[in-house]
>>> print(open('entry_3.csv').read())   # CSV, C-alpha atoms and all ligand atoms
chain,number,residue,atom,x,y,z
C,24,THR,CA,-42.4,10.0,93.9
C,25,THR,CA,-45.8,8.9,92.8
C,26,ARG,CA,-45.4,6.2,90.2
C,27,ILE,CA,-47.3,3.8,88.0
C,28,VAL,CA,-45.8,0.3,87.8
C,29,LEU,CA,-46.7,-2.8,85.7
C,30,ALA,CA,-48.9,-4.9,87.9
C,31,GLU,CA,-49.6,-7.7,85.5
C,32,ARG,CA,-49.0,-8.5,81.9
C,33,PRO,CA,-52.1,-7.7,79.8
C,34,GLU,CA,-53.7,-10.4,77.6
C,35,GLY,CA,-54.9,-8.3,74.6
C,36,THR,CA,-56.0,-4.8,75.5
C,37,PRO,CA,-54.5,-3.4,78.7
C,38,THR,CA,-57.0,-2.8,81.5
C,39,ALA,CA,-57.0,-1.0,84.8
C,40,SER,CA,-55.5,-4.0,86.5
C,41,THR,CA,-52.5,-3.8,84.2
C,42,PHE,CA,-51.4,-0.8,86.2
C,43,ARG,CA,-50.8,0.0,89.9
C,44,THR,CA,-50.1,3.3,91.5
C,45,GLU,CA,-47.5,3.5,94.3
C,46,THR,CA,-45.5,6.1,96.2
C,47,ALA,CA,-41.8,5.7,96.9
C,48,GLU,CA,-38.9,7.6,98.4
C,49,LEU,CA,-36.2,8.5,95.9
C,50,PRO,CA,-32.6,8.4,96.9
C,51,ALA,CA,-30.3,11.5,96.5
C,52,PRO,CA,-28.6,11.4,93.1
C,53,ALA,CA,-25.2,9.7,93.1
C,54,ASP,CA,-22.2,10.8,91.0
C,55,GLY,CA,-23.3,11.2,87.4
C,56,GLN,CA,-27.0,11.1,88.3
C,57,LEU,CA,-29.8,13.6,88.2
C,58,LEU,CA,-32.9,14.0,90.4
C,59,VAL,CA,-35.6,15.3,88.1
C,60,ARG,CA,-39.2,16.4,88.4
C,61,ASN,CA,-41.2,15.2,85.4
C,62,ARG,CA,-43.3,17.8,83.7
C,63,TYR,CA,-44.5,15.9,80.6
C,64,ILE,CA,-44.6,12.2,80.1
C,65,SER,CA,-44.7,10.8,76.5
C,66,LEU,CA,-47.1,7.9,75.9
C,67,ASP,CA,-46.1,5.9,72.8
C,68,PRO,CA,-47.4,2.8,71.1
C,69,TYR,CA,-44.1,0.9,71.7
C,70,MET,CA,-44.9,0.7,75.4
C,71,ARG,CA,-47.5,-2.0,74.7
C,72,GLY,CA,-44.6,-4.2,73.6
C,73,ARG,CA,-42.7,-3.6,76.9
C,74,MET,CA,-45.8,-4.8,78.8
C,75,SER,CA,-45.5,-8.2,77.2
C,76,ALA,CA,-43.0,-10.9,77.9
C,77,ALA,CA,-42.6,-11.7,74.1
C,78,LYS,CA,-39.3,-11.2,72.4
C,79,SER,CA,-38.9,-7.8,70.9
C,80,TYR,CA,-36.2,-5.2,70.1
C,81,ALA,CA,-36.3,-4.0,73.7
C,82,LYS,CA,-36.4,-5.9,77.0
C,83,PRO,CA,-39.9,-6.3,78.6
C,84,THR,CA,-40.5,-4.2,81.7
C,85,PRO,CA,-40.2,-6.5,84.8
C,86,LEU,CA,-43.5,-6.9,86.8
C,87,GLY,CA,-43.6,-4.3,89.7
C,88,GLU,CA,-41.3,-1.9,87.9
C,89,VAL,CA,-42.1,1.7,86.8
C,90,LEU,CA,-43.3,1.8,83.2
C,91,PRO,CA,-40.7,3.4,81.0
C,92,ALA,CA,-41.3,6.7,79.2
C,93,GLU,CA,-39.3,9.6,77.8
C,94,THR,CA,-40.1,12.7,79.8
C,95,VAL,CA,-39.5,16.5,79.8
C,96,ALA,CA,-38.3,17.2,83.3
C,97,GLU,CA,-36.7,19.9,85.4
C,98,VAL,CA,-33.4,19.1,87.2
C,99,VAL,CA,-33.9,19.4,90.9
C,100,GLU,CA,-30.5,18.2,92.0
C,101,SER,CA,-27.5,17.4,89.8
C,102,GLY,CA,-24.7,15.0,90.4
C,103,HIS,CA,-23.5,15.4,86.8
C,104,PRO,CA,-21.1,18.2,85.7
C,105,ASP,CA,-23.1,19.0,82.5
C,106,PHE,CA,-26.4,19.8,84.3
C,107,ALA,CA,-27.5,22.2,87.0
C,108,ALA,CA,-30.7,22.5,89.1
C,109,GLY,CA,-33.5,24.4,87.3
C,110,GLN,CA,-32.5,23.2,83.8
C,111,LEU,CA,-35.0,21.5,81.5
C,112,VAL,CA,-34.0,18.2,80.0
C,113,ALA,CA,-35.5,15.4,78.0
C,114,THR,CA,-34.7,12.1,79.7
C,115,TYR,CA,-36.2,8.7,80.5
C,116,GLY,CA,-38.1,9.6,83.6
C,117,GLY,CA,-40.8,7.0,83.4
C,118,TRP,CA,-44.5,7.0,84.4
C,119,GLN,CA,-43.9,8.9,87.7
C,120,SER,CA,-43.8,12.4,89.1
C,121,ALA,CA,-40.0,12.4,89.9
C,122,ALA,CA,-37.1,10.2,89.0
C,123,VAL,CA,-33.3,9.6,89.5
C,124,VAL,CA,-31.8,9.2,86.1
C,125,PRO,CA,-28.2,8.8,84.7
C,126,GLY,CA,-27.0,12.2,83.4
C,127,LYS,CA,-25.8,10.5,80.2
C,128,MET,CA,-29.4,9.6,79.4
C,129,ALA,CA,-30.5,13.2,79.5
C,130,ARG,CA,-30.2,16.0,76.9
C,131,ARG,CA,-30.7,19.7,77.3
C,132,ILE,CA,-33.8,20.9,75.5
C,133,ALA,CA,-32.8,23.1,72.6
C,134,ASP,CA,-33.6,26.8,72.9
C,135,ASN,CA,-35.6,27.0,69.7
C,136,GLY,CA,-38.5,29.1,70.8
C,137,LEU,CA,-40.9,26.2,70.8
C,138,PRO,CA,-42.8,24.8,73.8
C,139,GLU,CA,-40.8,22.3,75.8
C,140,SER,CA,-43.3,19.6,75.1
C,141,THR,CA,-42.1,19.5,71.4
C,142,ALA,CA,-39.0,17.7,72.6
C,143,LEU,CA,-41.2,14.6,73.0
C,144,GLY,CA,-43.0,15.1,69.6
C,145,VAL,CA,-42.2,17.0,66.5
C,146,LEU,CA,-38.7,17.7,67.7
C,147,GLY,CA,-38.3,14.5,69.6
C,148,MET,CA,-38.4,10.8,69.0
C,149,PRO,CA,-41.6,10.6,66.8
C,150,GLY,CA,-40.5,13.5,64.6
C,151,PHE,CA,-37.0,11.9,64.3
C,152,THR,CA,-38.5,8.6,63.4
C,153,ALA,CA,-40.3,10.2,60.4
C,154,TYR,CA,-37.2,12.2,59.4
C,155,ALA,CA,-34.7,9.5,59.5
C,156,GLY,CA,-36.9,6.8,58.1
C,157,MET,CA,-37.7,9.0,55.2
C,158,ALA,CA,-34.1,9.9,54.6
C,159,GLU,CA,-32.8,6.4,54.8
C,160,ILE,CA,-35.7,4.3,53.4
C,161,GLY,CA,-38.7,6.2,52.1
C,162,ARG,CA,-36.6,8.6,49.9
C,163,ILE,CA,-39.7,10.3,48.6
C,164,GLN,CA,-39.2,12.2,45.3
C,165,ALA,CA,-41.1,15.2,43.8
C,166,GLY,CA,-44.1,14.0,41.9
C,167,GLU,CA,-44.4,10.6,43.7
C,168,THR,CA,-47.3,9.5,45.8
C,169,LEU,CA,-46.9,8.6,49.5
C,170,VAL,CA,-49.5,6.9,51.7
C,171,VAL,CA,-49.2,6.9,55.5
C,172,ALA,CA,-51.7,5.6,58.1
C,173,ALA,CA,-52.0,6.8,61.7
C,174,ALA,CA,-51.6,10.0,59.7
C,175,ALA,CA,-52.9,12.4,62.4
C,176,GLY,CA,-50.4,11.1,65.0
C,177,PRO,CA,-46.9,12.5,65.5
C,178,VAL,CA,-45.1,10.1,63.2
C,179,GLY,CA,-47.6,10.0,60.4
C,180,SER,CA,-48.3,13.7,60.4
C,181,ALA,CA,-44.5,14.4,60.1
C,182,VAL,CA,-44.1,11.8,57.4
C,183,GLY,CA,-46.9,13.3,55.2
C,184,GLN,CA,-45.6,16.9,55.7
C,185,LEU,CA,-42.0,15.8,54.8
C,186,ALA,CA,-43.5,14.3,51.6
C,187,LYS,CA,-45.2,17.6,50.8
C,188,ALA,CA,-42.0,19.5,51.5
C,189,ALA,CA,-40.3,17.3,49.0
C,190,GLY,CA,-42.9,18.1,46.3
C,191,ALA,CA,-44.7,14.8,46.5
C,192,ARG,CA,-48.4,13.9,46.9
C,193,ALA,CA,-49.4,12.9,50.4
C,194,VAL,CA,-52.4,10.7,51.1
C,195,GLY,CA,-53.2,10.1,54.8
C,196,VAL,CA,-55.2,7.3,56.4
C,197,ALA,CA,-56.9,8.1,59.7
C,198,GLY,CA,-59.9,7.1,61.8
C,199,GLY,CA,-62.9,9.4,61.6
C,200,ALA,CA,-64.0,12.5,59.7
C,201,GLU,CA,-62.4,14.9,62.1
C,202,LYS,CA,-58.9,13.6,61.7
C,203,CYS,CA,-59.3,13.3,58.0
C,204,ALA,CA,-60.4,16.9,57.7
C,205,TYR,CA,-57.5,18.0,59.8
C,206,LEU,CA,-55.0,16.3,57.5
C,207,VAL,CA,-56.3,18.0,54.4
C,208,ASP,CA,-57.4,21.4,55.8
C,209,GLU,CA,-54.6,22.0,58.4
C,210,LEU,CA,-51.6,19.9,57.3
C,211,GLY,CA,-52.0,20.2,53.5
C,212,PHE,CA,-52.3,16.5,52.7
C,213,ASP,CA,-53.7,16.0,49.2
C,214,ALA,CA,-56.3,13.5,50.3
C,215,ALA,CA,-57.3,11.6,53.5
C,216,VAL,CA,-59.2,8.3,53.7
C,217,ASP,CA,-61.1,7.1,56.8
C,218,HIS,CA,-60.0,3.5,57.5
C,219,ARG,CA,-63.3,2.8,59.2
C,220,SER,CA,-65.3,3.6,56.1
C,221,ALA,CA,-67.0,0.5,54.5
C,222,ASP,CA,-65.5,1.1,51.1
C,223,PHE,CA,-62.1,2.0,52.4
C,224,ALA,CA,-60.1,0.1,49.7
C,225,ASP,CA,-62.0,1.7,46.9
C,226,ARG,CA,-61.6,5.2,48.4
C,227,LEU,CA,-57.9,4.6,48.8
C,228,LYS,CA,-57.6,3.6,45.2
C,229,SER,CA,-59.5,6.7,44.0
C,230,ALA,CA,-57.1,8.9,46.1
C,231,CYS,CA,-54.1,7.3,44.5
C,232,ARG,CA,-54.8,7.5,40.8
C,233,ASP,CA,-51.1,7.2,39.9
C,234,GLY,CA,-50.5,4.3,42.3
C,235,ILE,CA,-48.3,4.4,45.4
C,236,ASP,CA,-44.5,4.9,45.5
C,237,VAL,CA,-44.0,5.0,49.2
C,238,TYR,CA,-46.2,3.2,51.7
C,239,TRP,CA,-45.1,4.2,55.2
C,240,GLU,CA,-46.2,1.3,57.3
C,241,ASN,CA,-47.5,2.3,60.8
C,242,VAL,CA,-50.4,0.0,61.3
C,243,GLY,CA,-50.6,-3.2,59.2
C,244,GLY,CA,-53.9,-5.1,58.9
C,245,LYS,CA,-56.4,-4.0,56.4
C,246,VAL,CA,-54.6,-0.8,55.5
C,247,LEU,CA,-51.7,-2.8,54.2
C,248,GLU,CA,-54.0,-5.1,52.3
C,249,ALA,CA,-55.6,-2.2,50.5
C,250,VAL,CA,-52.2,-0.7,49.7
C,251,LEU,CA,-50.6,-3.8,48.2
C,252,PRO,CA,-52.3,-3.9,44.8
C,253,LEU,CA,-51.7,-0.1,44.3
C,254,LEU,CA,-47.9,-0.2,44.8
C,255,ASN,CA,-45.8,1.0,41.8
C,256,LEU,CA,-42.6,-0.4,40.4
C,257,TYR,CA,-39.7,0.2,42.8
C,258,GLY,CA,-42.0,1.2,45.6
C,259,ARG,CA,-40.6,1.6,49.1
C,260,MET,CA,-42.1,0.5,52.3
C,261,PRO,CA,-40.4,1.7,55.5
C,262,VAL,CA,-41.9,-0.7,58.1
C,263,CYS,CA,-42.1,1.6,61.2
C,264,GLY,CA,-44.9,0.1,63.2
C,265,MET,CA,-47.8,-2.3,63.4
C,266,VAL,CA,-50.1,-0.6,65.8
C,267,ALA,CA,-53.2,-2.5,64.6
C,268,GLN,CA,-51.7,-5.7,65.9
C,269,TYR,CA,-50.1,-4.6,69.2
C,270,ASN,CA,-53.1,-5.9,71.3
C,271,ALA,CA,-53.4,-9.1,69.2
C,272,THR,CA,-53.2,-12.3,71.3
C,273,GLY,CA,-52.5,-14.6,68.4
C,274,VAL,CA,-52.4,-14.9,64.6
C,275,PRO,CA,-55.7,-13.8,63.2
C,276,GLU,CA,-57.9,-16.4,61.5
C,277,VAL,CA,-57.6,-15.2,58.0
C,278,PRO,CA,-56.3,-16.7,54.7
C,279,ASP,CA,-52.5,-16.8,54.4
C,280,ARG,CA,-51.6,-13.5,52.6
C,281,LEU,CA,-47.9,-14.0,52.7
C,282,PRO,CA,-47.6,-15.6,49.2
C,283,GLY,CA,-49.5,-12.6,47.7
C,284,PHE,CA,-47.3,-10.2,49.6
C,285,MET,CA,-44.1,-11.8,48.4
C,286,ARG,CA,-45.4,-11.9,44.8
C,287,ALA,CA,-46.0,-8.1,45.0
C,288,VAL,CA,-42.5,-7.6,46.4
C,289,LEU,CA,-41.1,-9.6,43.5
C,290,ASN,CA,-43.3,-8.3,40.6
C,291,GLN,CA,-43.0,-4.6,41.7
C,292,SER,CA,-39.3,-4.8,42.8
C,293,LEU,CA,-40.3,-3.4,46.2
C,294,THR,CA,-38.0,-2.4,49.0
C,295,VAL,CA,-39.5,-3.4,52.3
C,296,ARG,CA,-37.2,-2.4,55.2
C,297,GLY,CA,-38.0,-2.4,58.9
C,298,PHE,CA,-36.2,0.0,61.3
C,299,ILE,CA,-36.0,1.2,64.9
C,300,GLN,CA,-35.2,4.9,64.9
C,301,THR,CA,-32.3,4.5,67.4
C,302,GLU,CA,-30.2,3.0,64.6
C,303,PHE,CA,-30.1,6.3,62.8
C,304,ARG,CA,-29.5,8.6,65.8
C,305,ALA,CA,-25.8,9.1,65.3
C,306,LYS,CA,-26.1,9.9,61.6
C,307,HIS,CA,-29.2,12.1,61.6
C,308,TRP,CA,-30.0,13.6,65.0
C,309,ASP,CA,-28.2,16.9,64.5
C,310,GLY,CA,-29.5,17.4,60.9
C,311,PHE,CA,-33.0,16.5,62.2
C,312,GLN,CA,-32.9,19.2,64.9
C,313,GLN,CA,-31.9,21.9,62.4
C,314,ASP,CA,-34.2,20.9,59.5
C,315,MET,CA,-37.2,20.2,61.6
C,316,ALA,CA,-37.0,23.4,63.6
C,317,ARG,CA,-36.7,25.3,60.4
C,318,LEU,CA,-39.7,23.6,58.8
C,319,VAL,CA,-41.8,24.3,61.9
C,320,ALA,CA,-40.7,27.9,61.9
C,321,GLU,CA,-41.6,28.2,58.2
C,322,GLY,CA,-45.1,26.8,58.9
C,323,ARG,CA,-44.4,23.8,56.8
C,324,MET,CA,-44.4,21.3,59.6
C,325,LYS,CA,-47.4,21.7,61.9
C,326,TYR,CA,-47.9,19.6,64.9
C,327,ARG,CA,-50.7,18.8,67.3
C,328,GLU,CA,-50.6,17.7,70.9
C,329,ASP,CA,-53.1,15.8,72.9
C,330,VAL,CA,-52.3,16.8,76.5
C,331,VAL,CA,-54.0,14.8,79.3
C,332,GLU,CA,-53.7,16.4,82.8
C,333,GLY,CA,-52.6,14.2,85.7
C,334,LEU,CA,-50.4,11.1,86.1
C,335,GLU,CA,-53.4,9.2,87.4
C,336,ASN,CA,-55.0,9.4,83.9
C,337,ALA,CA,-52.1,7.8,82.1
C,338,PRO,CA,-53.4,4.3,82.0
C,339,GLU,CA,-56.7,5.3,80.5
C,340,ALA,CA,-55.0,7.6,78.0
C,341,PHE,CA,-52.6,4.8,77.0
C,342,ILE,CA,-55.4,2.3,76.4
C,343,GLY,CA,-57.1,5.0,74.2
C,344,LEU,CA,-53.9,5.5,72.2
C,345,LEU,CA,-54.0,1.9,70.8
C,346,GLU,CA,-57.7,2.5,69.8
C,347,GLY,CA,-57.1,5.9,68.1
C,348,ARG,CA,-58.8,8.0,70.9
C,349,ASN,CA,-55.8,10.4,70.9
C,350,PHE,CA,-55.7,13.2,68.4
C,351,GLY,CA,-52.1,14.3,68.1
C,352,LYS,CA,-49.0,13.5,70.2
C,353,LEU,CA,-50.2,12.0,73.4
C,354,LEU,CA,-48.7,13.6,76.5
C,355,ILE,CA,-49.4,13.4,80.2
C,356,LYS,CA,-48.9,16.8,82.0
C,357,VAL,CA,-47.8,15.9,85.5
K,401,LIG,P1,-50.2,7.7,67.1
K,401,LIG,O1,-50.3,8.8,68.0
K,401,LIG,O2,-50.5,7.9,65.7
K,401,LIG,O3,-51.1,6.6,67.7
K,401,LIG,C1,-51.4,5.4,67.1
K,401,LIG,C2,-52.6,5.6,66.1
K,401,LIG,O4,-52.7,4.4,65.4
K,401,LIG,C3,-53.9,5.8,66.7
K,401,LIG,O5,-54.2,7.1,67.1
K,401,LIG,C4,-54.9,5.3,65.6
K,401,LIG,O6,-55.2,6.5,64.8
K,401,LIG,C5,-54.0,4.4,64.8
K,401,LIG,N1,-54.6,3.0,64.8
K,401,LIG,C6,-54.7,2.2,65.9
K,401,LIG,N2,-55.3,1.1,65.5
K,401,LIG,C7,-55.4,1.1,64.2
K,401,LIG,C8,-56.0,0.2,63.2
K,401,LIG,N3,-56.4,-1.0,63.6
K,401,LIG,N4,-56.0,0.6,61.9
K,401,LIG,C9,-55.5,1.8,61.5
K,401,LIG,N5,-55.0,2.7,62.4
K,401,LIG,C10,-55.0,2.4,63.7
K,401,LIG,O7,-48.8,7.0,67.3
K,401,LIG,P2,-47.3,7.4,66.8
K,401,LIG,O8,-47.3,8.5,65.8
K,401,LIG,O9,-46.5,7.7,68.1
K,401,LIG,O10,-46.7,6.1,66.2
K,401,LIG,C11,-47.2,5.6,64.9
K,401,LIG,C12,-46.5,4.3,64.6
K,401,LIG,O11,-45.1,4.5,64.5
K,401,LIG,C13,-46.8,3.2,65.6
K,401,LIG,O12,-46.9,2.0,64.9
K,401,LIG,C14,-45.5,3.2,66.4
K,401,LIG,O13,-45.3,2.0,67.0
K,401,LIG,C15,-44.5,3.5,65.3
K,401,LIG,N6,-43.2,4.0,65.8
K,401,LIG,C16,-42.1,3.3,65.4
K,401,LIG,C17,-40.8,3.8,65.7
K,401,LIG,C18,-39.6,3.1,65.2
K,401,LIG,O14,-38.5,3.4,65.6
K,401,LIG,N7,-39.8,2.1,64.3
K,401,LIG,C19,-40.6,4.9,66.6
K,401,LIG,C20,-41.9,5.6,66.9
K,401,LIG,C21,-43.1,5.1,66.6
K,401,LIG,P3,-56.6,6.5,64.0
K,401,LIG,O15,-57.6,7.2,64.8
K,401,LIG,O16,-56.2,7.3,62.8
K,401,LIG,O17,-56.9,5.1,63.6
>>> encode(input="entry_3.csv", output="structure tokens")
Amino acid sequence: TTRIVLAERPEGTPTASTFRTETAELPAPADGQLLVRNRYISLDPYMRGRMSAAKSYAKPTPLGEVLPAETVAEVVESGHPDFAAGQLVATYGGWQSAAVVPGKMARRIADNGLPESTALGVLGMPGFTAYAGMAEIGRIQAGETLVVAAAAGPVGSAVGQLAKAAGARAVGVAGGAEKCAYLVDELGFDAAVDHRSADFADRLKSACRDGIDVYWENVGGKVLEAVLPLLNLYGRMPVCGMVAQYNATGVPEVPDRLPGFMRAVLNQSLTVRGFIQTEFRAKHWDGFQQDMARLVAEGRMKYREDVVEGLENAPEAFIGLLEGRNFGKLLIKV
């Protein structure tokens, strides 16, 4: 297998020297294992956390080990009774061309008529994150207003479209005119605001005349600051990600905003609840597969993929993901 390993832990933004490409012989699969050939590798913002030694919800990747990733793969050789050679699975195949994985960490890709790559996007982990976080925490109601940032990405675009499907207003925040136009023209968001515009906070306020009932937190930073004064009574804030901070090396030199935040939580009776999607898997996975596939089939859940060809381009693509250079679900086609 050709594989990309973690060569050194990045300080701030990852660079070429964060990564090292190697080749290795894979063993034959033991009992319960599968030898798979990766076809698509999912690149996701959480991987930045795995590159650091800091405490997080998941263990850091040890230096010299293959970077972790979910993949769509073809079974080449099966040591597990539930799988046979030639089948397509979603599994944790990592940043490499082939892998030996435990069969219990693989699932057959549903035969829903959609491209196999959707198992890593709209019908995979990011789509599920949107679905479960909305069901459990966001609980958007008809007539309410939702704001989501990183809105052109796989999580944000699903969040906004779920709000629309529920009869709510959806306002997206994204970087650049092209992504903003996509949100309104293609996905049916009611408004989109470019977070790089100089008068971002004013524009967001104009787009949310009735305030904000659900702020889906994907990024933190100045988007959160602009949202805070607009939140309505009983507003909900599913805290899903903080991508604006993943490359940060320390606490930024800004005035302490925590007291103002806590005051808003109290005065507006806000619910602020962080989550990692895995906690909702048992309860919501099956319903998600059905509901999401139906919404996609009905044209009410559109998705966009940003497919980069070649494993060797994964480091550059990943660095771009944290800067918004991707447009849609970022995938490596091996
Ligand atoms: P995306 O494909 O949307 O990629 C991240 C996007 O974040 C970039 O494209 C960029 O879009 C935006 N961004 C980066 N920096 C900033 C910034 N400083 N200010 C505003 N926007 C910024 O990623 P995903 O849809 O895969 O993930 C979205 C979020 O959800 C992430 O925070 C991720 O960590 C989180 N997540 C959480 C899960 C959980 O279980 N809690 C599971 C899955 C994802 P733009 O060009 O618009 O700025």
>>> residues_near_ligand(input="entry_3.csv", ligand="ligand LIG 401 (chain K)", cutoff="7 Å", atoms="all atoms listed in the file", output="VMD selection string")
chain C and resid 67 to 69 148 to 149 152 172 to 179 196 to 199 202 218 241 to 242 244 246 263 to 267 298 to 301 344 to 353
>>> residues_around(input="entry_3.csv", residues="C:Thr168", least_positions_apart="5", cutoff="12 Å", atoms="all atoms listed in the file", output="JSON, numbers by chain")
{"C": [161, 162, 163, 183, 186, 187, 189, 190, 191, 192, 193, 194, 195, 212, 213, 214, 228, 230, 231, 232, 233, 234, 235, 236, 237, 238, 239, 250, 253, 254, 255, 258, 259]}
>>> closest_residue(input="entry_3.csv", among="C:Met70, C:Leu247, C:Val274, C:Ala287", to="C:Phe223", atoms="all atoms listed in the file")
C:Leu247
>>> atom_distance(input="entry_3.csv", atom1="atom CA of C:Ala337", atom2="atom CA of C:Val145")
20.6 Å
>>> residues_around(input="entry_3.csv", residues="C:Asp309", least_positions_apart="4", cutoff="12 Å", atoms="all atoms listed in the file", output="list of chain:residue names")
C:Ala133, C:Leu146, C:Gly147, C:Phe151, C:Tyr154, C:Ala155, C:Phe303, C:Arg304, C:Ala305, C:Gln313, C:Asp314, C:Met315, C:Ala316
>>> residues_around(input="entry_3.csv", residues="C:Tyr257", least_positions_apart="3", cutoff="7 Å", atoms="all atoms listed in the file", output="PyMOL selection string")
chain C and resi 291-294
>>> write_last_selection(input="entry_3.csv", atoms="C-alpha atoms", output="compact mmCIF listing (two decimals), in the coordinates of the input")
# COMPACT_ATOMS: atom_id res chain seq x y z
CA GLN C 291 -43.00 -4.60 41.70
CA SER C 292 -39.30 -4.80 42.80
CA LEU C 293 -40.30 -3.40 46.20
CA THR C 294 -38.00 -2.40 49.00
>>> closest_residue(input="entry_3.csv", among="C:Ser79, C:Ser120, C:Gln268, C:Ser140", to="C:Thr44", atoms="only C-alpha atoms")
C:Ser120
>>> residues_around(input="entry_3.csv", residues="C:Val331", least_positions_apart="3", cutoff="8 Å", atoms="all atoms listed in the file", output="MDAnalysis selection string")
chainID C and resid 336:337 340 353:356
>>> write_last_selection(input="entry_3.csv", atoms="C-alpha atoms", output="short mmCIF file (atom, residue, chain, number, x, y, z; two decimals), keeping the file's coordinate frame")
data_model
loop_
_atom_site.label_atom_id
_atom_site.label_comp_id
_atom_site.auth_asym_id
_atom_site.auth_seq_id
_atom_site.Cartn_x
_atom_site.Cartn_y
_atom_site.Cartn_z
CA ASN C 336 -55.00 9.40 83.90
CA ALA C 337 -52.10 7.80 82.10
CA ALA C 340 -55.00 7.60 78.00
CA LEU C 353 -50.20 12.00 73.40
CA LEU C 354 -48.70 13.60 76.50
CA ILE C 355 -49.40 13.40 80.20
CA LYS C 356 -48.90 16.80 82.00
#
>>> closest_residue(input="entry_3.csv", among="C:Ile342, C:Ala249, C:Leu143, C:Ala204", to="C:Tyr326", atoms="all atoms listed in the file")
C:Leu143
>>> atom_distance(input="entry_3.csv", atom1="atom CA of C:Pro125", atom2="atom CA of C:Thr24")
17.0 Å
>>> residues_around(input="entry_3.csv", residues="C:Glu248", least_positions_apart="5", cutoff="9 Å", atoms="all atoms listed in the file", output="CSV table (one decimal) with C-alpha atoms, in the frame of the given file")
chain,number,residue,atom,x,y,z
C,224,ALA,CA,-60.1,0.1,49.7
C,243,GLY,CA,-50.6,-3.2,59.2
C,280,ARG,CA,-51.6,-13.5,52.6
C,284,PHE,CA,-47.3,-10.2,49.6
>>> closest_residue(input="entry_3.csv", among="C:Asn290, C:Ser75, C:Asn135, C:Ser220", to="C:Leu90", atoms="all atoms listed in the file")
C:Ser75
>>> atom_distance(input="entry_3.csv", atom1="atom CA of C:Glu335", atom2="atom CA of C:Ala39")
11.1 Å
>>> closest_residue(input="entry_3.csv", among="C:Gly166, C:Ala153, C:Val207, C:Ala215", to="C:Val262", atoms="only C-alpha atoms")
C:Ala153
>>> build_atoms(input="entry_3.csv", residues="stretch 179-193 of chain C", atoms="N, CA and C atoms", output="PDB file, keeping the file's coordinate frame")
ATOM      1  N   GLY C 179     -46.967   9.911  61.709  1.00  0.00           N
ATOM      2  CA  GLY C 179     -47.600  10.000  60.400  1.00  0.00           C
ATOM      3  C   GLY C 179     -47.770  11.424  59.914  1.00  0.00           C
ATOM      4  N   SER C 180     -48.084  12.362  60.805  1.00  0.00           N
ATOM      5  CA  SER C 180     -48.300  13.700  60.400  1.00  0.00           C
ATOM      6  C   SER C 180     -46.945  14.331  59.874  1.00  0.00           C
ATOM      7  N   ALA C 181     -45.852  13.959  60.516  1.00  0.00           N
ATOM      8  CA  ALA C 181     -44.500  14.400  60.100  1.00  0.00           C
ATOM      9  C   ALA C 181     -44.142  13.781  58.755  1.00  0.00           C
ATOM     10  N   VAL C 182     -44.436  12.504  58.612  1.00  0.00           N
ATOM     11  CA  VAL C 182     -44.100  11.800  57.400  1.00  0.00           C
ATOM     12  C   VAL C 182     -44.829  12.468  56.185  1.00  0.00           C
ATOM     13  N   GLY C 183     -46.115  12.732  56.328  1.00  0.00           N
ATOM     14  CA  GLY C 183     -46.900  13.300  55.200  1.00  0.00           C
ATOM     15  C   GLY C 183     -46.379  14.733  54.906  1.00  0.00           C
ATOM     16  N   GLN C 184     -46.040  15.507  55.924  1.00  0.00           N
ATOM     17  CA  GLN C 184     -45.600  16.900  55.700  1.00  0.00           C
ATOM     18  C   GLN C 184     -44.158  16.886  55.076  1.00  0.00           C
ATOM     19  N   LEU C 185     -43.348  15.901  55.432  1.00  0.00           N
ATOM     20  CA  LEU C 185     -42.000  15.800  54.800  1.00  0.00           C
ATOM     21  C   LEU C 185     -42.204  15.465  53.303  1.00  0.00           C
ATOM     22  N   ALA C 186     -43.189  14.620  52.996  1.00  0.00           N
ATOM     23  CA  ALA C 186     -43.500  14.300  51.600  1.00  0.00           C
ATOM     24  C   ALA C 186     -43.894  15.555  50.834  1.00  0.00           C
ATOM     25  N   LYS C 187     -44.767  16.340  51.461  1.00  0.00           N
ATOM     26  CA  LYS C 187     -45.200  17.600  50.800  1.00  0.00           C
ATOM     27  C   LYS C 187     -44.031  18.539  50.617  1.00  0.00           C
ATOM     28  N   ALA C 188     -43.187  18.632  51.623  1.00  0.00           N
ATOM     29  CA  ALA C 188     -42.000  19.500  51.500  1.00  0.00           C
ATOM     30  C   ALA C 188     -41.090  19.095  50.393  1.00  0.00           C
ATOM     31  N   ALA C 189     -41.116  17.796  50.070  1.00  0.00           N
ATOM     32  CA  ALA C 189     -40.300  17.300  49.000  1.00  0.00           C
ATOM     33  C   ALA C 189     -40.961  17.385  47.625  1.00  0.00           C
ATOM     34  N   GLY C 190     -42.177  17.908  47.594  1.00  0.00           N
ATOM     35  CA  GLY C 190     -42.900  18.100  46.300  1.00  0.00           C
ATOM     36  C   GLY C 190     -43.658  16.864  45.879  1.00  0.00           C
ATOM     37  N   ALA C 191     -43.946  15.965  46.820  1.00  0.00           N
ATOM     38  CA  ALA C 191     -44.700  14.800  46.500  1.00  0.00           C
ATOM     39  C   ALA C 191     -46.174  14.940  46.866  1.00  0.00           C
ATOM     40  N   ARG C 192     -46.995  13.967  46.463  1.00  0.00           N
ATOM     41  CA  ARG C 192     -48.400  13.900  46.900  1.00  0.00           C
ATOM     42  C   ARG C 192     -48.433  13.135  48.202  1.00  0.00           C
ATOM     43  N   ALA C 193     -49.240  13.590  49.159  1.00  0.00           N
ATOM     44  CA  ALA C 193     -49.400  12.900  50.400  1.00  0.00           C
ATOM     45  C   ALA C 193     -50.833  12.483  50.630  1.00  0.00           C
TER      46      ALA C 193
END
